[in-house]
Amino acid sequence: MTSSPAAPPRGAGVSPSLPKFWEFEAPAEWRAIDFISDLHLQASHPLTFEAFSQHLLHTSAEAVFILGDLFEVWIGDDARHEGFEHQVVEVLKEAAARRSVSFMAGNRDFLVGVELLKECGMTALPDPTVLRAFGERVLLTHGDALCLEDVEYQRFRAVVRTEQAREDFLARPLPERRALAAQIRAVSMQQQQRDGRPETWADLDAGATVQWMHEAGTPLLVHGHTHRPATQELAPGFTRHVLTDWELDQGPAQAARAGVLRLSARGLQRLPPAVSPAAHAAP
């Protein structure tokens, strides 16, 4: 059992407002929980999709928690019936029939709704959520809400996350939403090229992050969003574990990346994605 963390240091930054911390207690029979995020699944990235499918279907963990940005973009649950989105749905349904699959929305797929979750058999995870498992309290978040230095994004986030903005977008015909999504992806790619590599992007505000952890009574934080996998002590008694993004289709082979953070009674460990037994047996 981990002892309760100390209060945040004096002078630490504070978030504009503290969220409600939802709690999720893992069933006693679970032996391992896998955390993944930032797969950015899209039809043009078949290797990443295959790695995701293999892991969800063949991991030895009893549960998989997806902490946001499973999709490069999600334009509404009515998109689940056709094309690449339907392929992903079929994998999620099969995986959820074998183990618990939970989903937390990210900045790319915050429009995932109850229809998709119900059809796939996934459990919704509010952001943030406190997970109680194996004698630990772990704070789970996608991470984008804590990137306070990115003022432009935080303003954009505050607008598009309103109920009215969601309703207005989802009221548009599906083809129109697909076209808008393509435009948004193009702008995002241009911005990423302008901003450089992930290590130059805005990170979580350390003071606000520690305040969240203190208020939630959690010495451990697991998050994605930044594409900078690491384990870091933010302050005495407060440690964060950053998930890796998945990218197996772009650039040289040595730049390929995909990984899982597993929580068990042994603690947290980083693992490669699982593959089918048949793949292990192949010469």
# chains A, B, ... in the order shown; residues from 1 in each chain; ligands from 1
$ residues_around --residues "segment 119-129 of chain A" --least-positions-apart "6" --cutoff "9 Å" --atoms "only C-alpha atoms" --output "PyMOL selection string"
chain A and resi 19-24+65-67+89-97+100-106+138-143
$ residues_around --residues "segment 215-220 of chain A" --least-positions-apart "2" --cutoff "12 Å" --atoms "only C-alpha atoms" --output "ChimeraX atom specification"
/A:1-8,14-15,17-23,128-133,135-141,208-213,222-223,231-242,263,267-268
$ select_by_dssp --residues "segment 117-261 of chain A" --states "alpha helix (DSSP H)" --output "ChimeraX atom specification"
/A:117-120,151-160,163-170,174-195,206-216
$ select_by_dssp --residues "segment 33-118 of chain A" --states "strand (DSSP E)" --output "ChimeraX atom specification"
/A:33-36,63-67,100-104
$ residues_around --residues "segment 166-173 of chain A" --least-positions-apart "5" --cutoff "10 Å" --atoms "only C-alpha atoms" --output "number ranges by chain"
A: 75-78, 110-111, 159-161, 178, 180
$ residues_around --residues "Ala51 of chain A" --least-positions-apart "3" --cutoff "10 Å" --atoms "only C-alpha atoms" --output "mmCIF file with N, CA, C and O atoms, in the first residue's frame"
data_model
loop_
_atom_site.group_PDB
_atom_site.id
_atom_site.type_symbol
_atom_site.label_atom_id
_atom_site.label_comp_id
_atom_site.auth_asym_id
_atom_site.auth_seq_id
_atom_site.Cartn_x
_atom_site.Cartn_y
_atom_site.Cartn_z
ATOM 1 N N LEU A 39 -3.300 6.149 -29.926
ATOM 2 C CA LEU A 39 -3.069 5.293 -31.081
ATOM 3 C C LEU A 39 -3.379 6.017 -32.386
ATOM 4 O O LEU A 39 -2.857 5.655 -33.432
ATOM 5 N N PRO A 46 -2.277 1.104 -41.399
ATOM 6 C CA PRO A 46 -2.690 -0.281 -41.174
ATOM 7 C C PRO A 46 -1.820 -1.039 -40.183
ATOM 8 O O PRO A 46 -2.330 -1.924 -39.474
ATOM 9 N N LEU A 47 -0.537 -0.744 -40.097
ATOM 10 C CA LEU A 47 0.326 -1.464 -39.166
ATOM 11 C C LEU A 47 -0.018 -1.121 -37.713
ATOM 12 O O LEU A 47 -0.010 -1.997 -36.839
ATOM 13 N N THR A 48 -0.309 0.130 -37.472
ATOM 14 C CA THR A 48 -0.724 0.535 -36.128
ATOM 15 C C THR A 48 -2.048 -0.123 -35.767
ATOM 16 O O THR A 48 -2.226 -0.611 -34.634
ATOM 17 N N GLN A 54 -4.114 -6.858 -32.406
ATOM 18 C CA GLN A 54 -3.425 -7.991 -31.789
ATOM 19 C C GLN A 54 -3.387 -7.850 -30.271
ATOM 20 O O GLN A 54 -3.634 -8.811 -29.537
ATOM 21 N N HIS A 55 -3.076 -6.654 -29.803
ATOM 22 C CA HIS A 55 -2.968 -6.495 -28.347
ATOM 23 C C HIS A 55 -4.318 -6.644 -27.660
ATOM 24 O O HIS A 55 -4.424 -7.346 -26.645
ATOM 25 N N LEU A 56 -5.333 -5.975 -28.184
ATOM 26 C CA LEU A 56 -6.630 -6.069 -27.527
ATOM 27 C C LEU A 56 -7.160 -7.492 -27.489
ATOM 28 O O LEU A 56 -7.806 -7.897 -26.522
ATOM 29 N N TRP A 246 1.312 5.475 -30.380
ATOM 30 C CA TRP A 246 1.577 4.324 -31.242
ATOM 31 C C TRP A 246 1.776 4.837 -32.665
ATOM 32 O O TRP A 246 0.898 5.499 -33.225
ATOM 33 N N GLU A 247 2.903 4.501 -33.256
ATOM 34 C CA GLU A 247 3.211 4.936 -34.615
ATOM 35 C C GLU A 247 4.096 3.888 -35.268
ATOM 36 O O GLU A 247 5.287 3.793 -34.965
ATOM 37 N N LEU A 248 3.495 3.082 -36.122
ATOM 38 C CA LEU A 248 4.201 1.986 -36.772
ATOM 39 C C LEU A 248 4.205 2.098 -38.291
ATOM 40 O O LEU A 248 4.687 1.197 -38.972
ATOM 41 N N ALA A 258 5.371 1.706 -30.026
ATOM 42 C CA ALA A 258 4.081 1.258 -29.506
ATOM 43 C C ALA A 258 4.378 0.596 -28.175
ATOM 44 O O ALA A 258 5.392 -0.088 -28.035
ATOM 45 N N GLY A 259 3.527 0.787 -27.215
ATOM 46 C CA GLY A 259 3.803 0.210 -25.918
ATOM 47 C C GLY A 259 2.603 0.248 -24.999
ATOM 48 O O GLY A 259 1.627 0.959 -25.236
ATOM 49 N N PRO A 272 5.876 -4.349 -24.434
ATOM 50 C CA PRO A 272 5.492 -4.217 -25.839
ATOM 51 C C PRO A 272 4.076 -4.744 -26.024
ATOM 52 O O PRO A 272 3.570 -5.503 -25.183
ATOM 53 N N PRO A 273 3.400 -4.391 -27.087
ATOM 54 C CA PRO A 273 2.061 -4.924 -27.337
ATOM 55 C C PRO A 273 2.090 -6.444 -27.490
ATOM 56 O O PRO A 273 3.075 -7.020 -27.968
ATOM 57 N N ALA A 274 1.001 -7.090 -27.086
ATOM 58 C CA ALA A 274 0.885 -8.540 -27.221
ATOM 59 C C ALA A 274 0.605 -8.908 -28.681
ATOM 60 O O ALA A 274 0.080 -8.097 -29.450
ATOM 61 N N VAL A 275 0.966 -10.116 -29.044
ATOM 62 C CA VAL A 275 0.655 -10.658 -30.358
ATOM 63 C C VAL A 275 0.004 -12.010 -30.171
ATOM 64 O O VAL A 275 0.067 -12.614 -29.098
#
$ closest_residue --among "A:Gln42, A:Gln183, A:Asn107, A:Ser188" --to "Ala158 of chain A" --atoms "only C-alpha atoms"
A:Asn107
$ atom_distance --atom1 "atom CA of Val64 of chain A" --atom2 "atom CA of Asp34 of chain A"
4.7 Å
$ closest_residue --among "A:His40, A:His81, A:Arg257, A:Arg270" --to "Arg108 of chain A" --atoms "only C-alpha atoms"
A:His40
$ atom_distance --atom1 "atom CA of Asp109 of chain A" --atom2 "atom CA of Gly224 of chain A"
13.5 Å
$ closest_residue --among "A:Ser264, A:Glu72, A:Ala256, A:Pro229" --to "Met189 of chain A" --atoms "only C-alpha atoms"
A:Glu72
